[in-house]
Amino acid sequence: MIEKWIGWYGNMLSGTGLSESLVVFLENATVILLTAGLAILADFIVKKIIIGAISRLAKKSKTDWDDILVKRKVFNRLAHLAPALIVYYSLQYIFEAPDLVKFMGNLTQAYMVAVVLLVIDAVLNALHEIYRTLPISDGRNIKGYVQVVKIIFYFVAIIMIISIFSGEAPKVLLGGLGAMAAVLMLVFKDTILGFVASIQLSANRMVNVGDWIAMPKYNADGDVIDISLNTVKVQNWDKTIATIPTYALVSESFNNWRGMEDSGGRRIKRSININMKSVDFLDKAQIEKFRKYHLLKDYITEKEKEIAAFNKANQLDEDTVTNGRKMTNLGTFRIYLENYLHNHPKINQEMTFLVRHLQPSEKGLPLEIYVFSNDQAWANYEAIQADIFDHILAIMPEFGLQIFQNPTGDDFQKLV
């Protein structure tokens, strides 16, 4: 059909009396212009009309999947094939030299392979984004797998382009690459290690985007913002970005605070050192004083009954210091702290709750608070912790207890 039209057009030009060379030039120029016009028309129809209609339908549909495909420009990239196909099938009518037709055909085929590759890349990106909208994606990052699939397609595309220009079948080229396997493994060592690590991280749910991790070796302490085939990006609390090799998260140790975040509490573990010289038995005046404390009145009443019954049963004289059981200011203070924390609205009462003594040392007797706040936000957590210890430091003198701290210059000046 096209050959007949070109023949008729050439005969018509020859009948006008033009020279043969000018007739050939006009034929070629006309075919080139028609080809360019058809390519532009095809591009316009596909992009403006077809893809425009698809975009409008995607906006009207209830599902978000088609919107993601449009946003990732899957159809826009696919539209580049239309003008390429017109150019490819028109080459034999534009050029007469077989070698030139073959070369331009190879270029066009290579272009179409590249377009298909970009379409596949966009589809994979869209599928990954769709996956992230599904509930199953929580705790299961597949970005590393997507990147591996992309690498495979890029490798296949390169082989196909080489095959197009060399004239060799892809199987022959792949067979020749067997001898280069060792070199390829060396070149892609980090990629291979990253791929294996990605599988382990995902299968074992070791780390996910959004987790708070700490890895001092890489100066990383913050939220994971991206997990790729080769690297894991962590945004530190000072807003700097730390980059960690993916395989390092498998071969080396790191802290993942996800357990704390999932638990509903954040640990408060801090102690104060008490001067052991200030620990003493309570006298009657102190007991009556503490009986007026709302957090201690029930304890004082029950403890007095318990001590009186024990001393009476054992016929112990309470007037002698060494005889009988007695309440101490430190023990009473510890109970006060327990009741204070049990009534604190920001303490998680369902998790580990301890107010305990640690091993005494030359720096005094450590009294440790080991509880969990019910607010995990960093700033709020620090405020809760500070509020608790502000109260502890202020209330300790009421119990006759002193805090141990190393002497300062002011202390020595008072002695002079």
# chains A, B, ... in the order shown; residues from 1 in each chain; ligands from 1

call {"tool": "residues_around", "arguments": {"residues": "Gly222 (chain A)", "least_positions_apart": "6", "cutoff": "10 Å", "atoms": "only C-alpha atoms", "output": "list in words"}}
result
Gly210, Asp211, Trp212, Ile213, Ala214, Met215, Lys233, Val234, Gln235, Asn236, Trp237, Asp238, Lys239, Thr240, Ile241, Ala242, Asn256 and Trp257 of chain A

call {"tool": "write_last_selection", "arguments": {"atoms": "C-alpha atoms", "output": "tab-separated table (two decimals), in the first residue's frame"}}
result
chain	number	residue	atom	x	y	z
A	210	GLY	CA	10.04	4.57	61.50
A	211	ASP	CA	11.93	2.53	64.12
A	212	TRP	CA	14.19	4.32	66.57
A	213	ILE	CA	17.59	2.64	66.46
A	214	ALA	CA	20.97	3.42	68.00
A	215	MET	CA	24.27	2.32	66.47
A	233	LYS	CA	19.32	6.07	56.46
A	234	VAL	CA	18.78	7.24	60.03
A	235	GLN	CA	17.73	10.77	60.90
A	236	ASN	CA	19.42	11.57	64.20
A	237	TRP	CA	17.77	13.70	66.85
A	238	ASP	CA	19.97	16.64	65.83
A	239	LYS	CA	18.45	16.27	62.31
A	240	THR	CA	21.68	14.99	60.76
A	241	ILE	CA	21.45	11.92	58.51
A	242	ALA	CA	23.55	8.84	59.31
A	256	ASN	CA	16.07	-1.03	68.32
A	257	TRP	CA	13.69	0.87	70.60

call {"tool": "residues_around", "arguments": {"residues": "Pro345 (chain A)", "least_positions_apart": "2", "cutoff": "12 Å", "atoms": "only C-alpha atoms", "output": "mmCIF file with C-alpha atoms, in the first residue's frame"}}
result
data_model
loop_
_atom_site.group_PDB
_atom_site.id
_atom_site.type_symbol
_atom_site.label_atom_id
_atom_site.label_comp_id
_atom_site.auth_asym_id
_atom_site.auth_seq_id
_atom_site.Cartn_x
_atom_site.Cartn_y
_atom_site.Cartn_z
ATOM 1 C CA ASN A 339 2.965 5.600 97.098
ATOM 2 C CA TYR A 340 3.891 8.882 95.410
ATOM 3 C CA LEU A 341 4.715 7.071 92.149
ATOM 4 C CA HIS A 342 1.647 4.825 92.381
ATOM 5 C CA ASN A 343 -0.480 7.980 92.519
ATOM 6 C CA ILE A 347 3.509 6.466 85.570
ATOM 7 C CA ASN A 348 2.470 3.212 83.875
ATOM 8 C CA GLN A 349 1.216 1.018 86.716
ATOM 9 C CA PHE A 372 7.961 3.367 83.281
ATOM 10 C CA SER A 373 6.250 6.552 82.154
ATOM 11 C CA ASN A 374 3.058 6.212 80.109
ATOM 12 C CA ASP A 375 4.144 9.015 77.760
ATOM 13 C CA ILE A 384 8.090 13.670 83.834
ATOM 14 C CA ILE A 388 9.732 13.299 89.910
#

call {"tool": "residues_around", "arguments": {"residues": "Asp121 (chain A)", "least_positions_apart": "2", "cutoff": "10 Å", "atoms": "only C-alpha atoms", "output": "MDAnalysis selection string"}}
result
chainID A and resid 72 74 115:119 123:127 146:147 149:151 153:154

call {"tool": "select_by_dssp", "arguments": {"residues": "region 37-279 of chain A", "states": "alpha helix (DSSP H)", "output": "number ranges by chain"}}
result
A: 37-44, 51-60, 65-71, 74-78, 81-94, 98-132, 143-166, 170-176, 181-187, 189-203, 248-251, 258-263

call {"tool": "write_last_selection", "arguments": {"atoms": "C-alpha atoms", "output": "CSV table (one decimal), in the first residue's frame"}}
result
chain,number,residue,atom,x,y,z
A,37,GLY,CA,3.8,14.4,11.3
A,38,LEU,CA,2.3,10.9,12.1
A,39,ALA,CA,4.7,10.5,15.0
A,40,ILE,CA,3.7,13.8,16.5
A,41,LEU,CA,0.0,13.1,15.9
A,42,ALA,CA,0.4,9.6,17.5
A,43,ASP,CA,2.2,11.2,20.5
A,44,PHE,CA,-0.6,13.9,20.8
A,51,ILE,CA,-3.8,9.3,28.8
A,52,GLY,CA,-6.0,12.3,29.6
A,53,ALA,CA,-9.1,10.1,29.6
A,54,ILE,CA,-7.3,7.5,31.8
A,55,SER,CA,-6.3,10.2,34.3
A,56,ARG,CA,-9.9,11.5,34.5
A,57,LEU,CA,-11.2,8.0,35.0
A,58,ALA,CA,-8.6,7.3,37.7
A,59,LYS,CA,-9.6,10.5,39.6
A,60,LYS,CA,-13.3,9.4,39.5
A,65,TRP,CA,-4.3,2.2,42.9
A,66,ASP,CA,-5.0,3.7,39.5
A,67,ASP,CA,-4.2,7.2,40.9
A,68,ILE,CA,-0.8,5.8,42.0
A,69,LEU,CA,-0.1,4.4,38.5
A,70,VAL,CA,-1.0,7.8,37.0
A,71,LYS,CA,1.2,9.7,39.5
A,74,VAL,CA,3.4,4.6,33.9
A,75,PHE,CA,1.1,5.6,31.0
A,76,ASN,CA,3.1,8.7,30.1
A,77,ARG,CA,6.2,6.6,29.6
A,78,LEU,CA,4.3,3.9,27.7
A,81,LEU,CA,6.3,3.7,22.2
A,82,ALA,CA,3.7,5.0,19.7
A,83,PRO,CA,5.9,7.5,17.8
A,84,ALA,CA,8.9,5.1,18.0
A,85,LEU,CA,6.9,2.3,16.3
A,86,ILE,CA,5.9,4.7,13.5
A,87,VAL,CA,9.5,5.8,13.0
A,88,TYR,CA,10.7,2.2,13.1
A,89,TYR,CA,8.3,1.0,10.3
A,90,SER,CA,9.0,4.1,8.2
A,91,LEU,CA,12.8,3.8,8.0
A,92,GLN,CA,12.8,1.5,5.0
A,93,TYR,CA,10.9,4.2,3.0
A,94,ILE,CA,13.1,7.1,4.2
A,98,PRO,CA,20.3,-1.1,3.7
A,99,ASP,CA,23.1,-0.5,6.2
A,100,LEU,CA,21.7,2.9,7.2
A,101,VAL,CA,18.2,1.5,7.5
A,102,LYS,CA,19.6,-1.3,9.7
A,103,PHE,CA,21.6,1.1,11.9
A,104,MET,CA,18.7,3.5,12.4
A,105,GLY,CA,16.4,0.5,13.1
A,106,ASN,CA,18.8,-0.7,15.8
A,107,LEU,CA,18.8,2.8,17.4
A,108,THR,CA,15.0,2.8,17.3
A,109,GLN,CA,14.8,-0.7,18.8
A,110,ALA,CA,17.3,0.3,21.5
A,111,TYR,CA,15.1,3.3,22.3
A,112,MET,CA,12.0,1.2,22.6
A,113,VAL,CA,13.8,-1.2,24.9
A,114,ALA,CA,14.8,1.8,27.1
A,115,VAL,CA,11.2,3.0,27.1
A,116,VAL,CA,9.9,-0.4,28.1
A,117,LEU,CA,12.5,-0.5,30.9
A,118,LEU,CA,11.4,2.9,32.2
A,119,VAL,CA,7.8,1.6,32.1
A,120,ILE,CA,8.7,-1.4,34.1
A,121,ASP,CA,10.6,0.8,36.5
A,122,ALA,CA,7.5,3.0,37.0
A,123,VAL,CA,5.3,0.0,37.4
A,124,LEU,CA,7.6,-1.4,40.1
A,125,ASN,CA,7.6,1.9,41.9
A,126,ALA,CA,3.8,2.1,41.7
A,127,LEU,CA,3.4,-1.5,43.0
A,128,HIS,CA,5.8,-0.7,45.9
A,129,GLU,CA,3.7,2.4,46.8
A,130,ILE,CA,0.5,0.4,46.6
A,131,TYR,CA,2.0,-2.2,48.8
A,132,ARG,CA,2.9,0.4,51.4
A,143,LYS,CA,12.2,-1.9,49.0
A,144,GLY,CA,15.4,-4.1,48.8
A,145,TYR,CA,13.5,-6.7,46.9
A,146,VAL,CA,12.1,-4.1,44.5
A,147,GLN,CA,15.6,-2.8,43.9
A,148,VAL,CA,16.9,-6.3,43.1
A,149,VAL,CA,14.1,-6.9,40.6
A,150,LYS,CA,15.0,-3.5,39.0
A,151,ILE,CA,18.6,-4.5,38.7
A,152,ILE,CA,17.6,-7.8,37.0
A,153,PHE,CA,15.4,-5.9,34.4
A,154,TYR,CA,18.2,-3.3,33.8
A,155,PHE,CA,20.6,-6.2,33.3
A,156,VAL,CA,18.2,-7.8,30.8
A,157,ALA,CA,17.7,-4.5,29.0
A,158,ILE,CA,21.5,-4.0,28.6
A,159,ILE,CA,21.8,-7.5,27.2
A,160,MET,CA,19.0,-6.9,24.7
A,161,ILE,CA,20.5,-3.6,23.5
A,162,ILE,CA,23.9,-5.3,23.1
A,163,SER,CA,22.2,-8.1,21.2
A,164,ILE,CA,20.5,-5.6,18.9
A,165,PHE,CA,23.7,-3.9,17.8
A,166,SER,CA,25.9,-7.0,17.8
A,170,PRO,CA,20.9,-13.0,24.0
A,171,LYS,CA,21.5,-16.6,25.0
A,172,VAL,CA,25.0,-16.4,23.4
A,173,LEU,CA,25.8,-13.2,25.3
A,174,LEU,CA,24.6,-14.7,28.6
A,175,GLY,CA,26.7,-17.8,28.0
A,176,GLY,CA,29.8,-15.6,27.6
A,181,ALA,CA,30.8,-14.3,37.1
A,182,ALA,CA,33.7,-13.9,39.6
A,183,VAL,CA,34.3,-10.4,38.4
A,184,LEU,CA,30.6,-9.5,38.6
A,185,MET,CA,30.5,-10.9,42.2
A,186,LEU,CA,33.4,-8.7,43.1
A,187,VAL,CA,31.9,-5.6,41.6
A,189,LYS,CA,29.7,-7.5,46.4
A,190,ASP,CA,28.0,-4.8,48.4
A,191,THR,CA,24.8,-5.3,46.4
A,192,ILE,CA,24.8,-9.0,47.1
A,193,LEU,CA,25.5,-8.6,50.8
A,194,GLY,CA,22.8,-5.9,50.9
A,195,PHE,CA,20.3,-8.2,49.2
A,196,VAL,CA,21.0,-11.0,51.7
A,197,ALA,CA,20.8,-8.6,54.6
A,198,SER,CA,17.5,-7.2,53.3
A,199,ILE,CA,16.0,-10.6,53.3
A,200,GLN,CA,17.1,-11.3,56.9
A,201,LEU,CA,16.0,-7.8,58.1
A,202,SER,CA,12.6,-8.3,56.5
A,203,ALA,CA,12.1,-12.0,57.4
A,248,ALA,CA,26.0,-4.0,59.0
A,249,LEU,CA,22.6,-4.3,60.7
A,250,VAL,CA,22.9,-8.1,60.4
A,251,SER,CA,26.6,-8.6,61.1
A,258,ARG,CA,10.6,-0.5,68.9
A,259,GLY,CA,9.9,-2.8,71.9
A,260,MET,CA,9.8,0.2,74.1
A,261,GLU,CA,7.4,2.0,71.8
A,262,ASP,CA,5.2,-1.0,71.4
A,263,SER,CA,5.1,-1.6,75.2

call {"tool": "residues_around", "arguments": {"residues": "Pro397 (chain A)", "least_positions_apart": "4", "cutoff": "12 Å", "atoms": "only C-alpha atoms", "output": "NGL selection string"}}
result
:A and (274-275 or 278-279 or 329-330 or 333 or 391-393 or 401-403)

call {"tool": "atom_distance", "arguments": {"atom1": "CA of Gly264 (chain A)", "atom2": "CA of Trp378 (chain A)"}}
result
13.4 Å

call {"tool": "closest_residue", "arguments": {"among": "A:Arg356, A:Lys363, A:Arg205, A:Lys346", "to": "Asp387 (chain A)", "atoms": "only C-alpha atoms"}}
result
A:Lys346
